[in-house]
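A.B. asks: My questions will all concern the structure given below.
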Amino acid sequence: MTERNEIILIGHDNPALKKLTEQIETCGCRPIQISFGDEARARVGRTNVGMVIVALESGPESLEWIREINFLYRGLPVMAAAFQGSVTEAREAIGVGAVDYVLLPIEDDLLKTHLNNYLARYFDPELGNGRRLLSSDPNMKRLLNQIRRVGKSQATVLIQGESGTGKELIARFVHQVSDRSSQAFVALNCAALPENLLESELFGHTKGAFTGAITDRKGKFLQANGGTIFLDEISEMSLNLQAKLLRVLQEREVDPVGGRGAVPLDVRVVASTNRDLKEWAEDGKFREDLYYRLNVFPVSLPPLRKRAGDILLLANHFRKRFITELGRNDIPFSPAALNAMERYSWPGNIRELENVIQRALLMAEGRAVEPEDLMIDADCTPDEEEGTESSVHHHTATALGDHADAIRLPIGTTVREMEEILIHRTLDEVNGNRTRAAELLGISIRTLRNKLNEYATR
């Protein structure tokens with residue numbers, strides 16, 4: 001499975017732990033069972049340890065061990081082993097930092113799944129400022145493995161995903177696993193600057209190229225020469241500038257504004273967007289030739305609500321980080337807070353989760369972080385897969401704002417009929433502009449098109 005194949009089981013001798021030890025061995029790992037004490041502390045610090053499993057048999061002592069290991073070895077996953085009938089204790093273990101728990105006795109296949117999900121998953125490269133890619137989600141792990149394979153190539157990468165899903169972290173990961181990792185990683189948000197400034201920022205300028213250009217300036221492409229450039233929110237770039245970017249990608253050279261000649265480039269390009277860029281290209285809002293030039297290796301990042309197993313994992317990661325940054329005593333999540341975070345839909349994704357945890361640690365006054373400290377609507381359940389009826393129902397209910405009260409529906413109108421009425425009313429309000437209607441409704445243009453086709457065939 002991994003070079004870090006030693007698993008430390010901390011707990012007293014009993015038949016259940018002995019059985020677990022045997023099962024771990026059949027999974028290709030090296031289990032070492034030790035009782036609570038100094039020897040266990042010494043063993044946990046060894047370099048080939050990939051995971052620690054703490055038996056929940058000593059009440060508060062077991063929880064304190066989980067807390068201590070998390071504090072001393074921040075990159076090491078700790079799992080709780082609970083016995084039948086002690087699920088409450090297991091959830092308390094997650095509250096103090098355990099990545100998950102297993103109920104003993106456990107089936108071999110289920111144990112192997114847990115080990116595959118968690119064993120040594122923290123040991124990805126540092127991505128700057130202590131940031132790491134943390135995930136137990138099988139689809140995310142598969143995606144990261146694909147990126148590792150593509151990383152050594154020069155292929156352009158296009159990352160698509162909702163805001164807050166970690167697109168820049170993925171871009172940094174692409175850079176870290178490439179042969180360019182020792183060279184510069186340069187990021188630029190294409191939505192942050194007006195067109196004239198963005199052009200100069202990308203390609204550079206010479207002295208006197210325009211008013212205010214008092215010195216020569218290297219653009220981001222030349223700053224990244226030999227390394228990787230990350231173009232965030234590429235969809236917000238104007239069509240005029242897209243044409244110039246396309247030439248740079250095709251010719252592998254850049255011509256600074258006001259310059260006297262092109263400069264050769266050797267740079268890996270990674271771009272990102274929260275739009276459906278193929279749809280934008282089809283609608284004429286993005287150059288189709290540039291889209292295909294960027295989309296050599298597409299990466300589709302799932303939203304946090306589709307990575308349910310990662311919510312508590314990331315919450316505990318942020319909790320530990322902010323406890324250190326804020327200089328406050330360690331404080332766990334209460335079981336109720338854990339439940340609230342699992343029920344919430346996280347529309348702002350990982351960025352929202354990070355902000356919520358920081359705010360909760362500032363607000364919490366008790367012995368644990370409680371639901372009221374999180375200040376989230378835990379009854380806001382996750383949307384269904386985009387394009388399903390429930391997603392459209394949820395968004396159409398709020399999309400029309402002040403116009404909604406002008407719609408009069410007779411008693412007996414079905415939800416499906418109401419959905420159709422709202423969609424057509426939204427289209428009327430925006431003069432048939434499907435892109436704008438989709439934005440108002442909170443659905444993709446593809447979903448809107450499918451719905452309209454469905455209505456047309458009834």
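Simple scheme: letters A, B, ... for chains in structure tokens order, numbers from 1 for residues in each chain, numbers from 1 for ligands in the order shown.
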Which residues are near range 349-358 of chain A? Cut-off 9 Å, only C-alpha atoms, ignore same chain within fewer than 3 positions. Put them as a list in words.

C.D. replies: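 Surrounding residues, per the criterion: Glu162, Ser163, Gly164, Thr165, Gly166, Pro303, Leu304, Arg305, Ile311, Leu314, Ala315, Asn316, Phe318, Arg319, Phe322, Ile323, Leu326, Met341, Ser345, Trp346, Leu361, Leu362, Met363, Asp373, Leu374, Met375 and Ile376 of chain A.
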
A.B. asks: Set the distance at 6 Å and use only C-alpha atoms: which residues neighbour Val96 in chain A once local chain neighbours fewer than 2 positions away are removed? I'd like the list as a list in words.

C.D. replies: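 Everything that qualifies: Arg67, Ala93, Ile94 and Pro332 of chain A.
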
A.B. asks: When you look at Arg307 in chain A with a cut-off of 10 Å (counting only C-alpha atoms), what residues show up, excluding the ones that are within fewer than 3 positions of it in the same chain? I need them as a PyMOL selection string.

C.D. replies: chain A and resi 135-140+302-304+310-311

A.B. asks: Kindly indicate which residue among A:Val254, A:Ala42, A:Leu63, A:Val150 lies nearest to Ala98 in chain A, using only C-alpha atoms for the distances.

C.D. replies: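 Using only C-alpha atoms, Ala98 in chain A sits closest to A:Leu63.
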
A.B. asks: Looking only at strand (DSSP E) from DSSP on the backbone, list the matching residues of range 242-432 of chain A as number ranges by chain.

C.D. replies: A: 253-254, 263-264, 268-273, 297-300

A.B. asks: Any idea what's packed within 6 Å of Gly204 in chain A, counting only C-alpha atoms, ignoring anything in its chain fewer than 5 positions away? Could you give it as a PDB file with N, CA and C atoms, in the first residue's frame?

C.D. replies:
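Result written to out-v1.pdb:
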ATOM      1  N   ARG A 217       8.969  46.298 -17.479  1.00  0.00           N
ATOM      2  CA  ARG A 217       8.373  45.398 -16.487  1.00  0.00           C
ATOM      3  C   ARG A 217       8.166  44.016 -17.098  1.00  0.00           C
ATOM      4  N   LYS A 218       8.678  43.023 -16.407  1.00  0.00           N
ATOM      5  CA  LYS A 218       8.438  41.639 -16.823  1.00  0.00           C
ATOM      6  C   LYS A 218       7.001  41.252 -16.532  1.00  0.00           C
ATOM      7  N   GLY A 219       6.354  40.612 -17.481  1.00  0.00           N
ATOM      8  CA  GLY A 219       5.003  40.108 -17.239  1.00  0.00           C
ATOM      9  C   GLY A 219       5.049  38.769 -16.518  1.00  0.00           C
ATOM     10  N   PRO A 256       6.194  41.663 -25.208  1.00  0.00           N
ATOM     11  CA  PRO A 256       5.756  42.674 -24.227  1.00  0.00           C
ATOM     12  C   PRO A 256       5.126  43.880 -24.906  1.00  0.00           C
TER      13      PRO A 256
END

A.B. asks: Skip range 43-59 of chain A itself and residues of its chain fewer than 3 positions away, then list as a list in words all residues within 6 Å of it, counting only C-alpha atoms.

C.D. replies: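 Selected residues are Arg4, Asn5, Glu6, Ile7, Ile8, Leu9, Ile10, Gly11, Ala40, Ser62, Pro77, Val78, Met79, Ala80, Ala81, Ala82, Leu119 and Ala120 of chain A.
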